[in-house]
Structures are given as structure tokens and as C-alpha cells.
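Structure file data_37.cif; described as mmCIF, C-alpha atoms.
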```
data_run
#
loop_
_atom_site.group_PDB
_atom_site.id
_atom_site.type_symbol
_atom_site.label_atom_id
_atom_site.label_comp_id
_atom_site.auth_asym_id
_atom_site.auth_seq_id
_atom_site.Cartn_x
_atom_site.Cartn_y
_atom_site.Cartn_z
ATOM 1 C CA SER A 1 30.566 34.510 -21.192
ATOM 2 C CA CYS A 2 33.081 37.329 -20.699
ATOM 3 C CA ASN A 3 34.121 38.724 -24.062
ATOM 4 C CA THR A 4 34.948 36.062 -26.686
ATOM 5 C CA THR A 5 38.287 35.122 -25.144
ATOM 6 C CA GLY A 6 37.583 35.393 -21.407
ATOM 7 C CA ILE A 7 39.981 38.353 -21.215
ATOM 8 C CA VAL A 8 39.171 42.081 -21.193
ATOM 9 C CA ILE A 9 41.808 44.816 -21.442
ATOM 10 C CA THR A 10 40.632 48.377 -20.770
ATOM 11 C CA PRO A 11 42.977 51.337 -21.277
ATOM 12 C CA ILE A 12 42.136 54.099 -18.801
ATOM 13 C CA LEU A 13 44.661 56.741 -19.863
ATOM 14 C CA SER A 14 47.714 56.553 -22.110
ATOM 15 C CA GLY A 15 50.132 55.301 -19.440
ATOM 16 C CA ASN A 16 50.375 52.210 -17.243
ATOM 17 C CA ASP A 17 47.192 51.006 -15.539
ATOM 18 C CA THR A 18 47.147 48.799 -12.433
ATOM 19 C CA ILE A 19 44.124 46.974 -10.984
ATOM 20 C CA SER A 20 44.184 46.810 -7.177
ATOM 21 C CA ALA A 21 40.694 45.554 -6.298
ATOM 22 C CA ILE A 22 37.770 43.779 -7.921
ATOM 23 C CA ALA A 23 34.214 43.088 -6.728
ATOM 24 C CA MET A 24 30.838 41.888 -7.941
ATOM 25 C CA ASN A 25 27.908 44.287 -8.174
ATOM 26 C CA GLY A 26 25.000 41.954 -8.841
ATOM 27 C CA ASN A 27 25.946 40.317 -12.149
ATOM 28 C CA ARG A 28 28.309 43.166 -13.019
ATOM 29 C CA ILE A 29 32.035 43.343 -12.348
ATOM 30 C CA VAL A 30 33.671 46.395 -10.771
ATOM 31 C CA ALA A 31 37.420 46.994 -10.907
ATOM 32 C CA ALA A 32 39.398 49.761 -9.204
ATOM 33 C CA GLY A 33 43.000 50.700 -9.705
ATOM 34 C CA THR A 34 45.684 53.302 -10.274
ATOM 35 C CA PRO A 35 46.495 54.636 -13.739
ATOM 36 C CA ASP A 36 49.583 56.729 -14.442
ATOM 37 C CA THR A 37 49.264 60.334 -15.554
ATOM 38 C CA ALA A 38 51.905 62.678 -16.953
ATOM 39 C CA THR A 39 52.550 63.996 -13.427
ATOM 40 C CA GLY A 40 51.719 61.091 -11.099
ATOM 41 C CA THR A 41 48.878 58.666 -10.420
ATOM 42 C CA ILE A 42 45.104 58.904 -9.868
ATOM 43 C CA VAL A 43 42.128 56.714 -8.933
ATOM 44 C CA ALA A 44 40.135 54.819 -11.566
ATOM 45 C CA VAL A 45 37.004 52.651 -11.420
ATOM 46 C CA ALA A 46 35.506 50.609 -14.268
ATOM 47 C CA ARG A 47 32.272 48.626 -14.310
ATOM 48 C CA TYR A 48 31.612 45.769 -16.721
ATOM 49 C CA ASN A 49 28.512 43.954 -17.814
ATOM 50 C CA SER A 50 28.407 40.186 -17.364
ATOM 51 C CA ASN A 51 29.524 39.728 -20.995
ATOM 52 C CA GLY A 52 32.697 41.748 -20.408
ATOM 53 C CA SER A 53 31.585 44.954 -22.149
ATOM 54 C CA LEU A 54 31.896 48.261 -20.339
ATOM 55 C CA ASP A 55 28.670 49.251 -18.577
ATOM 56 C CA THR A 56 27.814 52.572 -20.207
ATOM 57 C CA THR A 57 25.242 53.390 -17.501
ATOM 58 C CA PHE A 58 28.311 54.051 -15.343
ATOM 59 C CA ASN A 59 29.653 57.552 -16.167
ATOM 60 C CA SER A 60 28.414 57.034 -19.781
ATOM 61 C CA THR A 61 31.710 55.295 -20.669
ATOM 62 C CA GLY A 62 31.842 52.514 -18.082
ATOM 63 C CA LYS A 63 34.851 54.049 -16.351
ATOM 64 C CA VAL A 64 35.651 57.094 -14.226
ATOM 65 C CA THR A 65 38.839 58.700 -12.899
ATOM 66 C CA THR A 66 39.277 60.905 -9.831
ATOM 67 C CA ALA A 67 42.360 62.901 -8.843
ATOM 68 C CA LEU A 68 42.738 63.894 -5.197
ATOM 69 C CA SER A 69 46.369 64.961 -5.570
ATOM 70 C CA THR A 70 49.223 64.278 -7.939
ATOM 71 C CA VAL A 71 49.947 60.925 -6.267
ATOM 72 C CA ASP A 72 46.923 58.727 -5.443
ATOM 73 C CA GLN A 73 47.153 54.981 -4.878
ATOM 74 C CA THR A 74 44.087 52.717 -4.890
ATOM 75 C CA HIS A 75 44.315 49.706 -2.567
ATOM 76 C CA SER A 76 40.785 48.568 -1.718
ATOM 77 C CA MET A 77 37.164 48.615 -2.837
ATOM 78 C CA ARG A 78 33.783 47.460 -1.570
ATOM 79 C CA VAL A 79 30.287 47.604 -3.084
ATOM 80 C CA GLN A 80 27.496 48.496 -0.679
ATOM 81 C CA ASN A 81 24.149 46.704 -0.701
ATOM 82 C CA ASP A 82 22.617 49.701 -2.495
ATOM 83 C CA GLY A 83 25.177 49.446 -5.314
ATOM 84 C CA LYS A 84 27.274 52.446 -4.281
ATOM 85 C CA ILE A 85 30.998 51.866 -4.659
ATOM 86 C CA LEU A 86 33.582 52.610 -1.943
ATOM 87 C CA VAL A 87 37.230 53.007 -2.964
ATOM 88 C CA GLY A 88 40.077 53.392 -0.492
ATOM 89 C CA GLY A 89 43.789 54.012 -0.564
ATOM 90 C CA THR A 90 46.487 56.613 -0.001
ATOM 91 C CA THR A 91 46.727 60.161 -1.290
ATOM 92 C CA GLN A 92 49.804 62.381 -1.206
ATOM 93 C CA ALA A 93 47.958 65.478 -0.038
ATOM 94 C CA ASN A 94 50.374 68.409 0.329
ATOM 95 C CA VAL A 95 53.428 66.740 1.917
ATOM 96 C CA ASP A 96 52.155 63.970 4.198
ATOM 97 C CA PRO A 97 50.353 60.918 2.769
ATOM 98 C CA LYS A 98 46.847 60.332 4.114
ATOM 99 C CA GLN A 99 44.295 57.537 4.018
ATOM 100 C CA PHE A 100 41.272 58.174 1.842
ATOM 101 C CA VAL A 101 37.919 56.617 1.075
ATOM 102 C CA MET A 102 35.540 57.890 -1.594
ATOM 103 C CA ARG A 103 32.052 56.815 -2.560
ATOM 104 C CA TYR A 104 30.551 56.717 -6.033
ATOM 105 C CA ASN A 105 26.872 56.629 -6.896
ATOM 106 C CA THR A 106 25.617 53.817 -9.105
ATOM 107 C CA ASN A 107 25.856 56.137 -12.123
ATOM 108 C CA GLY A 108 29.579 56.787 -11.547
ATOM 109 C CA SER A 109 29.331 60.265 -10.025
ATOM 110 C CA LEU A 110 30.885 61.009 -6.644
ATOM 111 C CA ASP A 111 28.286 60.782 -3.885
ATOM 112 C CA SER A 112 27.996 64.326 -2.517
ATOM 113 C CA THR A 113 26.139 63.031 0.573
ATOM 114 C CA PHE A 114 29.287 61.191 1.682
ATOM 115 C CA ALA A 115 31.871 63.148 3.718
ATOM 116 C CA SER A 116 33.021 66.219 1.731
ATOM 117 C CA GLY A 117 32.007 65.991 -1.898
ATOM 118 C CA GLY A 118 32.153 62.206 -1.791
ATOM 119 C CA VAL A 119 35.684 61.977 -0.361
ATOM 120 C CA LYS A 120 36.996 61.418 3.176
ATOM 121 C CA THR A 121 40.697 61.804 3.991
ATOM 122 C CA ILE A 122 42.163 60.633 7.303
ATOM 123 C CA SER A 123 45.329 61.770 9.043
ATOM 124 C CA PHE A 124 46.295 60.299 12.412
ATOM 125 C CA SER A 125 48.561 63.212 13.284
ATOM 126 C CA ASP A 126 50.327 66.126 11.618
ATOM 127 C CA GLY A 127 53.515 64.958 9.960
ATOM 128 C CA THR A 128 52.724 61.232 9.995
ATOM 129 C CA VAL A 129 52.843 59.003 6.941
ATOM 130 C CA ASP A 130 49.341 57.464 6.860
ATOM 131 C CA GLN A 131 48.550 54.762 4.335
ATOM 132 C CA GLY A 132 45.241 53.037 3.604
ATOM 133 C CA GLU A 133 45.689 49.411 2.528
ATOM 134 C CA GLY A 134 42.435 47.536 3.175
ATOM 135 C CA MET A 135 38.716 48.076 3.723
ATOM 136 C CA VAL A 136 35.711 46.053 4.883
ATOM 137 C CA LEU A 137 32.101 46.808 5.769
ATOM 138 C CA ASP A 138 31.002 45.552 9.169
ATOM 139 C CA PRO A 139 27.523 44.029 9.719
ATOM 140 C CA LEU A 140 26.093 47.490 10.449
ATOM 141 C CA GLY A 141 27.390 48.912 7.179
ATOM 142 C CA ARG A 142 30.162 50.919 8.822
ATOM 143 C CA ILE A 143 33.422 51.361 6.911
ATOM 144 C CA VAL A 144 36.554 49.915 8.513
ATOM 145 C CA LEU A 145 39.895 50.964 7.010
ATOM 146 C CA ALA A 146 43.168 49.175 7.708
ATOM 147 C CA GLY A 147 46.614 50.581 7.053
ATOM 148 C CA GLN A 148 49.568 52.042 8.810
ATOM 149 C CA SER A 149 50.710 55.287 10.358
ATOM 150 C CA ASP A 150 54.481 55.751 10.527
ATOM 151 C CA ASN A 151 54.926 51.976 10.162
ATOM 152 C CA THR A 152 52.464 51.241 12.979
ATOM 153 C CA ALA A 153 49.227 49.349 12.282
ATOM 154 C CA ALA A 154 46.302 51.758 12.063
ATOM 155 C CA LEU A 155 42.539 51.108 11.964
ATOM 156 C CA THR A 156 39.780 53.603 11.259
ATOM 157 C CA ARG A 157 36.015 53.049 11.500
ATOM 158 C CA LEU A 158 33.570 55.438 9.874
ATOM 159 C CA LEU A 159 29.829 55.670 10.310
ATOM 160 C CA GLY A 160 28.106 54.191 7.281
ATOM 161 C CA ASP A 161 24.558 54.635 6.062
ATOM 162 C CA PRO A 162 22.753 56.283 9.021
ATOM 163 C CA TYR A 163 19.357 54.854 8.150
ATOM 164 C CA LEU A 164 17.953 51.855 9.952
ATOM 165 C CA ARG A 165 17.381 48.620 8.071
ATOM 166 C CA ILE A 166 14.862 45.849 8.641
ATOM 167 C CA THR A 167 16.530 42.436 8.728
ATOM 168 C CA SER A 168 13.615 40.230 9.774
ATOM 169 C CA ILE A 169 9.820 40.300 9.957
ATOM 170 C CA THR A 170 7.820 37.675 11.810
ATOM 171 C CA GLY A 171 4.095 37.425 12.351
ATOM 172 C CA PRO A 172 2.759 36.057 15.629
ATOM 173 C CA SER A 173 -0.762 36.505 14.257
ATOM 174 C CA SER A 174 -2.573 37.739 11.157
ATOM 175 C CA GLU A 175 -2.789 41.286 12.571
ATOM 176 C CA MET A 176 0.442 41.461 14.582
ATOM 177 C CA ILE A 177 4.051 41.570 13.350
ATOM 178 C CA ASN A 178 7.511 41.716 14.889
ATOM 179 C CA LEU A 179 10.234 43.811 13.247
ATOM 180 C CA TYR A 180 13.974 43.350 13.822
ATOM 181 C CA GLY A 181 16.817 45.326 12.308
ATOM 182 C CA ILE A 182 20.151 47.100 12.537
ATOM 183 C CA GLY A 183 21.386 50.689 12.475
ATOM 184 C CA VAL A 184 23.968 53.088 13.872
ATOM 185 C CA PRO A 185 24.066 52.660 17.680
ATOM 186 C CA GLY A 186 22.319 55.446 19.584
ATOM 187 C CA VAL A 187 20.942 57.255 16.511
ATOM 188 C CA PRO A 188 17.121 57.493 16.810
ATOM 189 C CA GLN A 189 14.870 57.390 13.749
ATOM 190 C CA GLN A 190 11.180 57.424 13.052
ATOM 191 C CA LEU A 191 9.586 54.296 11.656
ATOM 192 C CA GLN A 192 6.879 55.411 9.226
ATOM 193 C CA TYR A 193 4.365 53.338 7.311
ATOM 194 C CA THR A 194 1.741 53.580 4.597
ATOM 195 C CA THR A 195 -0.590 51.272 2.721
ATOM 196 C CA THR A 196 -0.129 53.170 -0.554
ATOM 197 C CA LEU A 197 3.112 54.570 -1.948
ATOM 198 C CA GLY A 198 3.280 58.351 -2.081
ATOM 199 C CA GLN A 199 5.525 61.022 -0.617
ATOM 200 C CA ASN A 200 2.810 62.431 1.667
ATOM 201 C CA ALA A 201 1.101 59.151 2.515
ATOM 202 C CA PHE A 202 3.402 58.041 5.349
ATOM 203 C CA SER A 203 2.467 58.232 9.023
ATOM 204 C CA THR A 204 4.864 57.937 11.954
ATOM 205 C CA PHE A 205 4.413 54.753 13.931
ATOM 206 C CA VAL A 206 7.223 54.850 16.502
ATOM 207 C CA THR A 207 10.737 56.199 17.145
ATOM 208 C CA LEU A 208 13.432 53.518 17.316
ATOM 209 C CA THR A 209 16.976 53.750 18.698
ATOM 210 C CA PRO A 210 19.499 50.944 18.068
ATOM 211 C CA ASP A 211 21.338 49.641 21.130
ATOM 212 C CA VAL A 212 25.109 49.693 21.612
ATOM 213 C CA ASN A 213 25.396 46.671 19.312
ATOM 214 C CA GLY A 214 23.385 48.358 16.555
ATOM 215 C CA GLN A 215 20.350 46.121 17.078
ATOM 216 C CA TRP A 216 16.714 47.237 17.367
ATOM 217 C CA SER A 217 13.341 45.529 17.512
ATOM 218 C CA ARG A 218 9.652 46.350 17.681
ATOM 219 C CA THR A 219 7.403 43.491 18.664
ATOM 220 C CA ASN A 220 3.645 42.991 18.624
ATOM 221 C CA MET A 221 2.940 45.782 16.146
ATOM 222 C CA ASN A 222 -0.787 45.875 15.449
ATOM 223 C CA ILE A 223 -1.276 46.322 11.691
ATOM 224 C CA GLY A 224 -4.974 45.595 11.689
ATOM 225 C CA SER A 225 -6.392 43.856 8.653
ATOM 226 C CA TYR A 226 -3.926 45.351 6.148
ATOM 227 C CA THR A 227 -2.316 42.844 3.801
ATOM 228 C CA THR A 228 0.264 45.272 2.346
ATOM 229 C CA LEU A 229 2.386 47.804 4.246
ATOM 230 C CA PHE A 230 5.331 49.937 3.148
ATOM 231 C CA PHE A 231 7.870 51.117 5.724
ATOM 232 C CA ARG A 232 10.516 53.828 5.684
ATOM 233 C CA PHE A 233 12.873 55.393 8.221
ATOM 234 C CA VAL A 234 13.313 59.135 8.698
ATOM 235 C CA LEU A 235 15.928 60.946 10.753
ATOM 236 C CA PRO A 236 14.209 63.266 13.294
#
```
Translate this structure into C-alpha cells?
Amino acid sequence: SCNTTGIVITPILSGNDTISAIAMNGNRIVAAGTPDTATGTIVAVARYNSNGSLDTTFNSTGKVTTALSTVDQTHSMRVQNDGKILVGGTTQANVDPKQFVMRYNTNGSLDSTFASGGVKTISFSDGTVDQGEGMVLDPLGRIVLAGQSDNTAALTRLLGDPYLRITSITGPSSEMINLYGIGVPGVPQQLQYTTTLGQNAFSTFVTLTPDVNGQWSRTNMNIGSYTTLFFRFVLP
């Protein structure tokens, strides 16, 4: 059950707080919104356990705030398969509003491997008013942002996780397997394998490059008599 009443109220700062997006992260609940500050608005994310308590493994308090400018508006959020949290919206950077998307690690810190310090801002042209209003992840894990630029519909697609993923394994025989997966179109990666986990135990099997639709496959892989194999992908 969530709390004892089914209702949870979480003050972020001392002013007004608005929730703009909510998502499930396993059995946890993630909420993103826009709290007021003394000078404007910022971005806030809170993560709750299934019982409604704040998840203190997330930024030690269960909530985190991020200021990109003095006026930030949160409009969308998605949780990736790996638990990282994407938050999108509009930031009043300098004079002209811009779209933004930021990514948080599962512990609540900004993901420094994403864009610049965990934050990507998008401007369609100098002087335009660009607003980010919605976000989805396509089947390849790429980020698609919807909004407007000077009152005209505007879409942006960003490359997501560059690493390939295995979506299906079939076995035509006891010593042969077929692998199928997805990844960023045209980005080659090495498929490596090992029978025992260890940083130096992997050997390169083959280099794979997804097609224009982000699909890849490797059929009739001879794995010998091994009953357990671990795979990983490495960018060349």
C-alpha cells in the first residue's frame, strides 16, 4: 500500500511545487516537476518506494533538484530500461527559451556520460522560442522530443545508448546459436564472449553493424560444448 492514506505530499522547496510527469521504475514510482524558487523555477525529480516513502538510495533524500537557468519548466519524463531517468522540458537560457533533456543515474546524480554534464539543450535557430513538451523512447532507445519552435511543431531525435542489445537467442542445435538484436544504425561494435566473468576474460567473436532499421543478427554461431556464455559489446 502507498502510505497509510494512499496519498503522499512531498515538499521540494518552500514555494509551490508542480508535478508534470510520473513513471514506474520497477516497483518504484518516479515523479518529475517544477518547484518555485525565490527567483524563478527549476527541475525536480523524486523517487518513491512502493509503500510511498521516499527512496533514500536516490540522492540520499529521495529527491533532487537541478537548475539550468532561472526559469526551467519540466514537461516530460521517461525511465530507460537500465533505470536511468530522462527529464525534458524548456529552459530560459539567456534570452531565448530552448528545449532540454537531462539524464540522471539511478543514484540521482546527473549522468556525465550523457551530452554535456548530463544535460542537452536544443535550439532550432538563433532567436526562436523553442519549447519541449513531450518525450518518448523509440524501439532502439533513441530519445524523441516533441514541442514547438515559434509556434510551429518541432521534433528532435537524439541518439540513445550506443551499445548493441540482444533481443532474442535461438538454438538450431546444442552447439549452434542464433543471436538477434538492435542498436544505433551504422555504428559497428565488437561482440565479445567469455565462459567466466572477469574483465580480462573476454575474447572478440565478431564485429556487428546494425542496418538502417537498427537491426542486426548473427546466425549459426558455433559455441562448442559450452553450457554457459556471457556476452558484451564494445565500441571499436
* **Residues matched by the PyMOL selection byres ((chain A and resi 23-25) around 9), written as a PyMOL selection string** => chain A and resi 21-22+26-32+47+77-81+83+85
Run the PyMOL selection byres ((chain A and resi 125) around 10) on the file and write out the hits as a CSV table (one decimal) with C-alpha atoms, keeping the file's coordinate frame.
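Dumped to result.csv:
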```
chain,number,residue,atom,x,y,z
A,96,ASP,CA,52.2,64.0,4.2
A,98,LYS,CA,46.8,60.3,4.1
A,122,ILE,CA,42.2,60.6,7.3
A,123,SER,CA,45.3,61.8,9.0
A,124,PHE,CA,46.3,60.3,12.4
A,126,ASP,CA,50.3,66.1,11.6
A,127,GLY,CA,53.5,65.0,10.0
A,128,THR,CA,52.7,61.2,10.0
A,129,VAL,CA,52.8,59.0,6.9
A,130,ASP,CA,49.3,57.5,6.9
A,149,SER,CA,50.7,55.3,10.4
A,150,ASP,CA,54.5,55.8,10.5
```
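Picked by the PyMOL selection byres ((chain A and resi 13) around 9) from the coordinates shown: Pro11, Ile12, Ser14, Gly15, Asn16, Asp17, Pro35, Asp36 and Thr37 of chain A.
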* **All residues 8 Å or closer to stretch 185-200 of chain A, all atoms listed in the file, same chain fewer than 2 positions away omitted, as JSON, numbers by chain** => {"A": [162, 163, 164, 183, 202, 203, 204, 205, 206, 207, 208, 209, 210, 211, 212, 213, 214, 215, 226, 228, 229, 230, 231, 232, 233, 234, 235, 236]}
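As for atom CA of A:Thr66 and atom CA of A:Val45, they are spaced 8.7 Å apart.
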Excluding A:Thr4 and any residue of its chain fewer than 4 positions from it, enumerate the residues within 12 Å of it, using all atoms listed in the file, and give them as a short mmCIF file (atom, residue, chain, number, x, y, z; two decimals) with C-alpha atoms, in the coordinates of the input.
```cif
data_model
loop_
_atom_site.label_atom_id
_atom_site.label_comp_id
_atom_site.auth_asym_id
_atom_site.auth_seq_id
_atom_site.Cartn_x
_atom_site.Cartn_y
_atom_site.Cartn_z
CA VAL A 8 39.17 42.08 -21.19
CA ASN A 51 29.52 39.73 -21.00
CA GLY A 52 32.70 41.75 -20.41
CA SER A 53 31.58 44.95 -22.15
#
```
